[in-house]
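A quick write-up on the structure given underneath.
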Amino acid sequence: MRIPIWISNRHIHLSQIDADKLFGKWYEFKVLKNLSQPWQFAYEETVVIKWPIWEIKNVRILWPVRKQTQVEIFVTDNYILWCNAPIRLSWDLKWSESLTVIWPKWSVYLQEWVIIAKRHLHITQSEADDRWLKNNQKIKIKTNNGERWLIFDNVLVRITDSSALDFHIDMEEANASGLKMWDWGEIIK
């Protein structure tokens, strides 16, 4: 079975409280494009992330808002920012890295809200049942694209009935394997 590949850039998921602090209470964000998962969007607006003295500009804001703000960066960004963000799944923020988020008029300090996203597979329960997969199971996905194909190990299965089937990796992983958005892979046992 072919699994479409979604390549993620560094980005930020804002809480409503932090969105209000940075942009103002009634600010209306402008949708740039749909993301791979239903009802998720990238906004035109971006922010700057900084820690302790270095910064990265044009970090894209994603919708929907979350209970807690979360920033997802690359391994290389740890060297740029002089930080130590761990590789984790979304929501697993305890003992993660801290930084400051800046918008032209305001800034917000985020303590323990910065991670490097762990590669994962989005799949519905019925699709998972057809493939004998369980939530939080670790699997392997082989890419079948060009000269740099490889096998991604430790891919975590994330089952929700609101999921669209796709394999999420970050841009660094995609570049290392020569993948482009919507290339494909397959689950191997």
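Naming scheme: A, B, ... for chains in displayed order of the structure tokens; residues 1 onward per chain; ligands 1 onward as shown.
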List the neighbours of stretch 86-96 of chain A out to 7 Å using only C-alpha atoms; skip same-chain residues closer than 2 positions along the sequence, and give me the result as a PyMOL selection string. chain A and resi 84+98+112-118
Can I get the selected residues back with C-alpha atoms, as a compact mmCIF listing (two decimals), in the first residue's frame?
# COMPACT_ATOMS: atom_id res chain seq x y z
CA ASN A 84 18.78 21.52 22.82
CA SER A 98 12.58 27.19 25.77
CA GLU A 112 9.52 24.02 27.70
CA TRP A 113 7.51 24.36 24.49
CA VAL A 114 10.07 23.61 21.75
CA ILE A 115 10.64 20.19 20.14
CA ILE A 116 11.88 18.49 17.00
CA ALA A 117 8.92 16.54 15.62
CA LYS A 118 9.24 12.76 15.71
Could you write out, as a list in words, all the residues of stretch 14-181 of chain A that DSSP marks as helix (DSSP H, G or I)? Gln16, Ile17, Asp18, Ala19, Asp20, Lys21, Leu22, Phe23, Val75, Thr76, Asp77, Asn78, Tyr79, Ile80, Leu81, Gln125, Ser126, Glu127, Ala128, Asp129, Asp130, Met171, Glu172, Glu173, Ala174, Asn175, Ala176 and Ser177 of chain A
Those residues you just picked out, can you put them in a file as a short mmCIF file (atom, residue, chain, number, x, y, z; two decimals), in the first residue's frame with C-alpha atoms?
data_model
loop_
_atom_site.label_atom_id
_atom_site.label_comp_id
_atom_site.auth_asym_id
_atom_site.auth_seq_id
_atom_site.Cartn_x
_atom_site.Cartn_y
_atom_site.Cartn_z
CA GLN A 16 -5.31 31.33 21.87
CA ILE A 17 -3.74 33.17 24.81
CA ASP A 18 -0.39 33.56 23.03
CA ALA A 19 -2.06 34.45 19.71
CA ASP A 20 -3.93 37.24 21.53
CA LYS A 21 -0.70 38.45 23.20
CA LEU A 22 1.25 38.54 19.94
CA PHE A 23 -1.38 39.75 17.46
CA VAL A 75 17.94 19.31 14.44
CA THR A 76 20.10 21.90 12.65
CA ASP A 77 18.16 24.68 14.35
CA ASN A 78 19.53 23.49 17.69
CA TYR A 79 22.97 24.58 16.44
CA ILE A 80 21.67 27.85 15.01
CA LEU A 81 19.80 28.81 18.19
CA GLN A 125 -8.64 3.07 12.86
CA SER A 126 -10.17 1.15 9.95
CA GLU A 127 -7.03 1.62 7.82
CA ALA A 128 -4.90 0.51 10.78
CA ASP A 129 -7.08 -2.55 11.39
CA ASP A 130 -6.68 -3.57 7.73
CA MET A 171 12.44 18.84 5.69
CA GLU A 172 15.85 17.65 6.87
CA GLU A 173 14.77 14.00 6.66
CA ALA A 174 13.24 14.61 3.24
CA ASN A 175 16.40 16.26 1.93
CA ALA A 176 18.58 13.42 3.21
CA SER A 177 16.47 10.92 1.27
#
Ranking A:Thr143, A:Thr46, A:Asn154, A:Thr69 by minimum distance to A:Trp103 and counting only C-alpha atoms, which one comes first? A:Thr46
Extract, using only C-alpha atoms, all DNA, RNA and protein residues at most 9 Å from stretch 59-65 of chain A, discarding same-chain residues fewer than 4 positions from it, and format them as a tab-separated table (two decimals) with C-alpha atoms, in the first residue's frame.
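For reference, result.tsv as written:
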chain	number	residue	atom	x	y	z
A	9	ASN	CA	8.93	22.82	7.69
A	10	ARG	CA	9.67	24.45	11.06
A	11	HIS	CA	6.47	25.97	12.44
A	12	ILE	CA	4.53	27.09	15.49
A	13	HIS	CA	1.14	26.09	16.88
A	14	LEU	CA	-0.12	29.00	18.99
A	15	SER	CA	-2.46	28.82	21.97
A	16	GLN	CA	-5.31	31.33	21.87
A	19	ALA	CA	-2.06	34.45	19.71
A	31	VAL	CA	-5.04	31.32	5.40
A	35	LEU	CA	-2.22	21.13	5.24
A	39	TRP	CA	-9.16	21.19	9.00
A	40	GLN	CA	-5.54	22.22	9.42
A	41	PHE	CA	-4.08	25.28	7.70
A	42	ALA	CA	-0.89	27.28	7.34
A	43	TYR	CA	-1.33	31.01	7.81
A	44	GLU	CA	0.36	33.78	5.86
A	45	GLU	CA	1.62	35.24	9.15
A	46	THR	CA	5.02	34.25	10.51
A	47	VAL	CA	7.01	34.98	13.66
A	48	VAL	CA	10.64	35.11	14.71
A	49	ILE	CA	12.00	32.59	17.22
A	69	THR	CA	1.82	26.84	22.27
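Taking atom CA of A:Pro4 and atom CA of A:Pro38 as endpoints, the distance between them is 14.7 Å.
Atom pair atom CA of A:Trp54 / atom CA of A:Trp82: separated by 7.6 Å.
Separating atom CA of A:Cys83 from atom CA of A:Gln68 is a distance of 20.2 Å.
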Which residues, written as an MDAnalysis selection string, have at least one atom at most 7 Å from stretch 107-111 of chain A, with only C-alpha atoms counted and residues fewer than 5 positions away on the same chain left out? chainID A and resid 22 97:102
For the residues in that selection, give me C-alpha atoms as a PDB file, in the first residue's frame.
ATOM      1  CA  LEU A  22       1.247  38.543  19.941  1.00  0.00           C
ATOM      2  CA  GLU A  97      13.550  23.564  25.169  1.00  0.00           C
ATOM      3  CA  SER A  98      12.577  27.195  25.771  1.00  0.00           C
ATOM      4  CA  LEU A  99      12.760  30.266  23.533  1.00  0.00           C
ATOM      5  CA  THR A 100      11.192  33.627  22.765  1.00  0.00           C
ATOM      6  CA  VAL A 101       8.620  34.158  20.007  1.00  0.00           C
ATOM      7  CA  ILE A 102       8.682  37.634  18.496  1.00  0.00           C
TER       8      ILE A 102
END
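For the choices A:Leu179, A:Ile73, A:Ala85, A:Ile3, the atom-to-atom distance to A:Trp149 is smallest for A:Leu179 when using only C-alpha atoms.
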